[in-house]
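Next comes coords_33.txt, with compact mmCIF, C-alpha atoms.
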```txt
# COMPACT_ATOMS: atom_id res chain seq x y z
CA MET A 271 -19.31 -6.38 -80.48
CA GLU A 272 -22.38 -4.37 -79.49
CA ARG A 273 -22.13 -0.60 -79.62
CA THR A 274 -22.44 1.25 -76.35
CA LYS A 275 -25.73 2.89 -75.40
CA PHE A 276 -24.96 5.91 -73.29
CA LEU A 277 -27.28 7.42 -70.74
CA VAL A 278 -27.12 11.21 -70.99
CA ALA A 279 -27.46 13.59 -68.09
CA THR A 280 -27.03 17.32 -67.65
CA HIS A 281 -25.98 19.32 -64.60
CA ILE A 282 -25.98 23.03 -63.88
CA PHE A 283 -23.63 25.29 -61.96
CA LEU A 284 -26.06 28.01 -60.78
CA LEU A 285 -23.69 30.73 -59.64
CA ASP A 286 -24.26 33.79 -57.49
CA TRP A 287 -20.98 35.66 -57.22
CA GLU A 288 -18.57 33.11 -55.73
CA LYS A 289 -21.33 30.81 -54.49
CA ILE A 290 -22.91 27.75 -56.12
CA LEU A 291 -26.40 26.32 -55.62
CA LEU A 292 -26.46 22.78 -54.24
CA TYR A 293 -29.42 20.45 -53.89
CA LEU A 294 -29.68 18.16 -50.81
CA ARG A 295 -30.97 14.79 -52.07
CA LYS A 296 -33.78 13.03 -50.25
CA TRP A 297 -33.67 9.60 -51.91
CA GLY A 298 -31.54 6.74 -53.15
CA SER A 299 -27.90 5.94 -52.60
CA GLN A 300 -27.02 9.63 -52.30
CA ASP A 301 -29.64 10.51 -49.68
CA SER A 302 -28.49 13.47 -47.54
CA MET A 303 -25.68 14.25 -50.00
CA TYR A 304 -25.37 17.56 -51.82
CA ASN A 305 -25.55 17.56 -55.61
CA LEU A 306 -26.05 19.93 -58.47
CA ILE A 307 -29.49 20.13 -59.99
CA ALA A 308 -29.29 17.37 -62.59
CA TRP A 309 -31.46 15.13 -64.76
CA HIS A 310 -31.63 12.69 -67.63
CA LEU A 311 -32.65 13.78 -71.09
CA ASP A 312 -36.12 12.93 -72.31
CA GLY A 313 -36.46 11.56 -75.83
CA ASN A 314 -35.82 14.06 -78.63
CA GLU A 315 -34.47 16.64 -76.18
CA SER A 316 -31.13 18.43 -76.35
CA PRO A 317 -28.94 18.88 -73.24
CA ILE A 318 -29.70 22.63 -73.25
CA ASP A 319 -33.46 22.07 -73.53
CA ALA A 320 -33.31 19.49 -70.71
CA THR A 321 -31.40 21.94 -68.52
CA ILE A 322 -33.91 24.73 -69.04
CA ARG A 323 -36.87 22.39 -68.43
CA GLU A 324 -35.51 20.73 -65.32
CA VAL A 325 -34.27 23.88 -63.60
CA LYS A 326 -37.79 25.22 -63.85
CA GLU A 327 -39.33 21.93 -62.64
CA GLU A 328 -36.94 21.46 -59.72
CA ALA A 329 -36.08 25.00 -58.59
CA TRP A 330 -38.86 27.16 -60.07
CA ILE A 331 -36.49 29.44 -61.95
CA ASN A 332 -36.56 30.48 -65.57
CA ILE A 333 -33.35 30.42 -67.59
CA LYS A 334 -32.93 31.72 -71.10
CA ARG A 335 -30.94 29.70 -73.60
CA LYS A 336 -28.54 32.63 -74.16
CA ASP A 337 -27.67 32.65 -70.43
CA LEU A 338 -26.38 29.06 -70.38
CA ASN A 339 -22.68 28.46 -70.91
CA PHE A 340 -21.25 25.06 -71.76
CA GLU A 341 -18.50 24.22 -69.25
CA ARG A 342 -17.54 20.57 -69.50
CA VAL A 343 -18.43 17.01 -70.41
CA ALA A 344 -17.60 13.84 -68.50
CA TYR A 345 -17.63 10.13 -69.22
CA SER A 346 -18.75 7.99 -66.30
CA PRO A 347 -18.82 4.18 -66.40
CA LEU A 348 -20.89 2.72 -63.56
CA TRP A 349 -20.27 -0.41 -61.54
CA ASP A 350 -23.26 -2.13 -63.20
CA GLY A 351 -21.96 -1.70 -66.76
CA ARG A 352 -24.02 1.35 -67.72
CA GLU A 353 -22.19 4.35 -69.14
CA TYR A 354 -23.03 8.03 -68.78
CA ILE A 355 -22.15 11.09 -70.77
CA GLN A 356 -22.69 14.10 -68.52
CA PHE A 357 -22.93 17.68 -69.74
CA TYR A 358 -22.28 20.59 -67.39
CA PHE A 359 -23.54 24.13 -67.97
CA SER A 360 -23.22 27.29 -65.91
CA CYS A 361 -25.63 30.16 -65.45
CA ARG A 362 -25.39 33.45 -63.55
CA ASN A 363 -28.64 35.03 -64.74
CA TRP A 364 -32.17 33.78 -64.15
CA SER A 365 -35.59 35.07 -63.30
CA TRP A 366 -37.94 34.16 -60.46
CA THR A 367 -37.00 33.18 -56.93
CA ILE A 368 -35.43 29.79 -56.30
CA LYS A 369 -37.92 27.44 -54.67
CA ASN A 370 -37.72 23.71 -53.90
CA MET A 371 -40.38 22.18 -56.15
CA GLU A 372 -39.54 18.54 -55.34
CA LEU A 373 -40.24 18.20 -51.63
CA ASP A 374 -40.38 14.41 -51.98
CA ARG A 375 -36.85 14.27 -53.50
CA CYS A 376 -35.04 17.27 -52.01
CA TYR A 377 -34.54 18.36 -48.41
CA GLY A 378 -33.60 21.83 -49.61
CA MET A 379 -31.33 23.98 -51.73
CA ASP A 380 -28.78 26.56 -50.71
CA PHE A 381 -25.82 28.54 -52.01
CA PHE A 382 -22.36 27.59 -50.73
CA PRO A 383 -18.99 29.27 -51.30
CA ILE A 384 -17.56 27.49 -54.32
CA ASN A 385 -14.20 27.14 -52.54
CA ASN A 386 -15.73 25.86 -49.29
CA LEU A 387 -18.18 23.08 -50.19
CA PRO A 388 -20.05 21.05 -47.57
CA LYS A 389 -18.46 17.78 -46.42
CA ASN A 390 -21.47 15.70 -47.49
CA ILE A 391 -21.18 16.41 -51.21
CA THR A 392 -21.33 13.61 -53.75
CA PRO A 393 -17.69 12.87 -54.74
CA TYR A 394 -18.16 13.14 -58.51
CA ILE A 395 -19.96 16.47 -58.06
CA LYS A 396 -17.08 17.78 -55.94
CA GLU A 397 -14.69 16.68 -58.70
CA ALA A 398 -16.85 18.37 -61.35
CA ILE A 399 -16.87 21.64 -59.39
CA ASN A 400 -13.09 21.46 -58.92
CA ASP A 401 -12.69 20.84 -62.67
CA TYR A 402 -14.93 23.84 -63.35
CA ILE A 403 -12.81 26.04 -61.07
CA ASN A 404 -9.66 24.83 -62.86
CA THR A 405 -11.22 25.14 -66.35
CA ILE A 406 -10.91 21.43 -67.10
CA ASN A 407 -13.44 20.75 -69.85
CA TYR A 408 -13.31 16.95 -69.96
CA SER A 409 -12.93 14.20 -67.37
CA GLU A 410 -13.54 10.54 -66.78
CA TYR A 411 -14.64 9.23 -63.41
```

Would you mind writing the structure in this file as structure tokens?
Amino acid sequence: MERTKFLVATHIFLLDWEKILLYLRKWGSQDSMYNLIAWHLDGNESPIDATIREVKEEAWINIKRKDLNFERVAYSPLWDGREYIQFYFSCRNWSWTIKNMELDRCYGMDFFPINNLPKNITPYIKEAINDYINTINYSEY
């Protein structure tokens, strides 16, 4: 039997009081759906390093390693046989003003009350946020 080869992604809960930053996708199967800022790891890159890099690339904010908190991990098998391990971090402290740096991939970003999310949110992201609220550190979906 062949060993599994996981794809690895990271997501971030950027929190401002009781609000969370969501990213409105502009491409693919989740076009016009809200998501967390997320990405795949590059080679030889840790989940924390990927988070710091991508938040700056996508939202033009600077996060320090000490300001990231690990929140949860999820296992996600896909319909096509690929498998994901997804890390979720939270952050309440950053520098610079949030700015959409990926106009070709993102309609915009905004903060929403964490207990009143928009209807057009990707289902697994809604589940991840609910798990975060309920301090569930591991899930499979």

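You will find CA of Arg295 (chain A) at 6.2 Å from CA of Tyr377 (chain A).
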
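Across A:Leu284, A:Ile406, A:Leu311, A:Leu338, the tightest approach to Phe381 (chain A) is made by A:Leu284 when counting all atoms listed in the file.
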
Margin query: Can you tell me which residues surround region 362-374 of chain A at a distance of at most 7 Å, considering all atoms listed in the file, apart from same-chain residues fewer than 6 positions away, and format the answer as an NGL selection string?
Written below: :A and (284-286 or 296 or 327-333 or 337)

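Distances from A:Ser299, A:Ser409, A:Ser346, A:Thr280 to Val325 (chain A) were compared using only C-alpha atoms, and the smallest one belongs to A:Thr280.
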
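In this model, the gap between CA of Leu277 (chain A) and CA of Asn400 (chain A) comes to 23.2 Å.
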
The distance between CA of Lys334 (chain A) and CA of Cys361 (chain A) is 9.4 Å

Could you name the residues that touch His310 (chain A) at 10 Å or less, counting only C-alpha atoms, but leaving out those on the same chain fewer than 4 positions away, as a ChimeraX atom specification?
/A:277-281,315,317,320-321,324,354,356

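The smallest atom-to-atom distance between Lys275 (chain A) and any of A:Pro383, A:Pro388, A:Pro393, A:Gly351, using all atoms listed in the file, is found for A:Gly351.
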
Shortest contact to Ile290 (chain A), candidates A:Ala308, A:Ile384, A:Ile391, A:Ile403, atoms counted all atoms listed in the file, goes to A:Ile384

Could you work out an axis-aligned box for region 272-280 of chain A, taking every atom the file lists and adding 8 Å on each side, and report centre and edge lengths in Å to one decimal, as AutoDock Vina command-line options?
```
--center_x -24.8 --center_y 6.5 --center_z -73.6 --size_x 21.3 --size_y 37.7 --size_z 28.0
```

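Nearest residue to Phe340 (chain A), choosing from A:Gly378, A:Leu291, A:Arg352, A:Ile318 and counting all atoms listed in the file: A:Ile318.
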
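Nearest-residue note for Tyr394 (chain A): choosing from A:Phe283, A:Phe276, A:Phe357, A:Asn305, the minimum distance belongs to A:Asn305, counting only C-alpha atoms.
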
For Asn339 (chain A), list every protein, DNA or RNA residue within 9 Å, evaluated using only C-alpha atoms, and leave out those in the same chain fewer than 3 positions away; present the list as a list of chain:residue names. A:Arg335, A:Lys336, A:Tyr358, A:Phe359, A:Ser360, A:Cys361

Please provide as a compact mmCIF listing (two decimals) with C-alpha atoms, in the coordinates of the input all residues within 8 Å of Tyr402 (chain A), with the sequence filter that same-chain residues fewer than 5 positions apart are discarded (counting all atoms listed in the file).
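Printed below is part.txt as written:
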```txt
# COMPACT_ATOMS: atom_id res chain seq x y z
CA GLU A 341 -18.50 24.22 -69.25
CA ARG A 342 -17.54 20.57 -69.50
CA ASN A 407 -13.44 20.75 -69.85
```

Just need region 312-399 of chain A in a file, please: C-alpha atoms, as a PDB file, in the first residue's frame.
```
ATOM      1  CA  ASP A 312       5.804  26.245  -0.159  1.00  0.00           C
ATOM      2  CA  GLY A 313       8.634  23.731   0.022  1.00  0.00           C
ATOM      3  CA  ASN A 314      10.739  23.844   3.198  1.00  0.00           C
ATOM      4  CA  GLU A 315       8.258  26.196   4.881  1.00  0.00           C
ATOM      5  CA  SER A 316       6.574  25.723   8.242  1.00  0.00           C
ATOM      6  CA  PRO A 317       2.846  26.440   8.723  1.00  0.00           C
ATOM      7  CA  ILE A 318       3.720  29.502  10.845  1.00  0.00           C
ATOM      8  CA  ASP A 319       6.147  30.863   8.243  1.00  0.00           C
ATOM      9  CA  ALA A 320       3.555  30.303   5.495  1.00  0.00           C
ATOM     10  CA  THR A 321       0.938  32.151   7.537  1.00  0.00           C
ATOM     11  CA  ILE A 322       3.165  35.165   8.101  1.00  0.00           C
ATOM     12  CA  ARG A 323       4.221  35.267   4.432  1.00  0.00           C
ATOM     13  CA  GLU A 324       0.767  34.908   2.947  1.00  0.00           C
ATOM     14  CA  VAL A 325      -1.003  37.364   5.234  1.00  0.00           C
ATOM     15  CA  LYS A 326       1.473  39.971   4.079  1.00  0.00           C
ATOM     16  CA  GLU A 327       1.091  38.978   0.400  1.00  0.00           C
ATOM     17  CA  GLU A 328      -2.716  38.854   0.447  1.00  0.00           C
ATOM     18  CA  ALA A 329      -3.741  41.503   2.984  1.00  0.00           C
ATOM     19  CA  TRP A 330      -0.653  43.728   3.325  1.00  0.00           C
ATOM     20  CA  ILE A 331      -0.355  43.258   7.069  1.00  0.00           C
ATOM     21  CA  ASN A 332       2.658  42.298   9.114  1.00  0.00           C
ATOM     22  CA  ILE A 333       2.303  39.655  11.816  1.00  0.00           C
ATOM     23  CA  LYS A 334       4.959  38.680  14.299  1.00  0.00           C
ATOM     24  CA  ARG A 335       5.509  35.021  15.087  1.00  0.00           C
ATOM     25  CA  LYS A 336       4.816  35.651  18.799  1.00  0.00           C
ATOM     26  CA  ASP A 337       1.351  37.024  17.944  1.00  0.00           C
ATOM     27  CA  LEU A 338       0.140  33.830  16.246  1.00  0.00           C
ATOM     28  CA  ASN A 339      -1.744  31.281  18.321  1.00  0.00           C
ATOM     29  CA  PHE A 340      -2.310  27.714  17.179  1.00  0.00           C
ATOM     30  CA  GLU A 341      -6.041  26.942  17.345  1.00  0.00           C
ATOM     31  CA  ARG A 342      -6.821  23.730  15.514  1.00  0.00           C
ATOM     32  CA  VAL A 343      -5.953  21.182  12.856  1.00  0.00           C
ATOM     33  CA  ALA A 344      -8.303  19.420  10.463  1.00  0.00           C
ATOM     34  CA  TYR A 345      -8.117  16.430   8.166  1.00  0.00           C
ATOM     35  CA  SER A 346      -9.980  16.869   4.885  1.00  0.00           C
ATOM     36  CA  PRO A 347     -10.261  14.132   2.253  1.00  0.00           C
ATOM     37  CA  LEU A 348     -11.412  15.501  -1.103  1.00  0.00           C
ATOM     38  CA  TRP A 349     -13.724  13.922  -3.648  1.00  0.00           C
ATOM     39  CA  ASP A 350     -10.789  13.392  -6.048  1.00  0.00           C
ATOM     40  CA  GLY A 351      -8.722  11.322  -3.598  1.00  0.00           C
ATOM     41  CA  ARG A 352      -6.381  14.080  -2.407  1.00  0.00           C
ATOM     42  CA  GLU A 353      -6.051  14.623   1.327  1.00  0.00           C
ATOM     43  CA  TYR A 354      -5.430  17.853   3.206  1.00  0.00           C
ATOM     44  CA  ILE A 355      -4.056  18.644   6.621  1.00  0.00           C
ATOM     45  CA  GLN A 356      -5.178  22.158   7.504  1.00  0.00           C
ATOM     46  CA  PHE A 357      -3.682  24.254  10.291  1.00  0.00           C
ATOM     47  CA  TYR A 358      -5.619  27.147  11.801  1.00  0.00           C
ATOM     48  CA  PHE A 359      -4.015  30.036  13.682  1.00  0.00           C
ATOM     49  CA  SER A 360      -5.485  33.136  15.287  1.00  0.00           C
ATOM     50  CA  CYS A 361      -4.089  36.626  15.604  1.00  0.00           C
ATOM     51  CA  ARG A 362      -5.367  39.780  17.295  1.00  0.00           C
ATOM     52  CA  ASN A 363      -2.300  41.965  16.827  1.00  0.00           C
ATOM     53  CA  TRP A 364      -0.766  43.131  13.561  1.00  0.00           C
ATOM     54  CA  SER A 365       0.779  46.191  12.016  1.00  0.00           C
ATOM     55  CA  TRP A 366      -0.150  48.095   8.866  1.00  0.00           C
ATOM     56  CA  THR A 367      -3.609  48.626   7.432  1.00  0.00           C
ATOM     57  CA  ILE A 368      -5.419  45.712   5.826  1.00  0.00           C
ATOM     58  CA  LYS A 369      -5.459  46.068   2.050  1.00  0.00           C
ATOM     59  CA  ASN A 370      -6.589  43.670  -0.690  1.00  0.00           C
ATOM     60  CA  MET A 371      -3.371  42.821  -2.535  1.00  0.00           C
ATOM     61  CA  GLU A 372      -4.911  40.189  -4.834  1.00  0.00           C
ATOM     62  CA  LEU A 373      -7.455  42.089  -6.904  1.00  0.00           C
ATOM     63  CA  ASP A 374      -7.500  39.280  -9.471  1.00  0.00           C
ATOM     64  CA  ARG A 375      -8.449  36.664  -6.810  1.00  0.00           C
ATOM     65  CA  CYS A 376     -10.390  38.627  -4.188  1.00  0.00           C
ATOM     66  CA  TYR A 377     -13.424  40.892  -4.490  1.00  0.00           C
ATOM     67  CA  GLY A 378     -12.669  42.329  -1.070  1.00  0.00           C
ATOM     68  CA  MET A 379     -12.131  41.698   2.620  1.00  0.00           C
ATOM     69  CA  ASP A 380     -14.199  42.760   5.594  1.00  0.00           C
ATOM     70  CA  PHE A 381     -14.755  42.061   9.273  1.00  0.00           C
ATOM     71  CA  PHE A 382     -17.949  40.260  10.274  1.00  0.00           C
ATOM     72  CA  PRO A 383     -19.361  39.492  13.722  1.00  0.00           C
ATOM     73  CA  ILE A 384     -18.035  36.032  14.527  1.00  0.00           C
ATOM     74  CA  ASN A 385     -21.512  34.952  15.686  1.00  0.00           C
ATOM     75  CA  ASN A 386     -23.287  36.378  12.630  1.00  0.00           C
ATOM     76  CA  LEU A 387     -21.399  35.185   9.545  1.00  0.00           C
ATOM     77  CA  PRO A 388     -22.559  35.944   5.999  1.00  0.00           C
ATOM     78  CA  LYS A 389     -24.780  33.356   4.290  1.00  0.00           C
ATOM     79  CA  ASN A 390     -22.333  32.864   1.400  1.00  0.00           C
ATOM     80  CA  ILE A 391     -19.496  31.428   3.479  1.00  0.00           C
ATOM     81  CA  THR A 392     -17.711  28.263   2.415  1.00  0.00           C
ATOM     82  CA  PRO A 393     -19.204  25.427   4.530  1.00  0.00           C
ATOM     83  CA  TYR A 394     -15.921  24.033   5.855  1.00  0.00           C
ATOM     84  CA  ILE A 395     -14.827  27.549   6.864  1.00  0.00           C
ATOM     85  CA  LYS A 396     -18.103  28.054   8.741  1.00  0.00           C
ATOM     86  CA  GLU A 397     -17.486  24.730  10.504  1.00  0.00           C
ATOM     87  CA  ALA A 398     -13.909  25.750  11.343  1.00  0.00           C
ATOM     88  CA  ILE A 399     -15.083  29.049  12.837  1.00  0.00           C
TER      89      ILE A 399
END
```
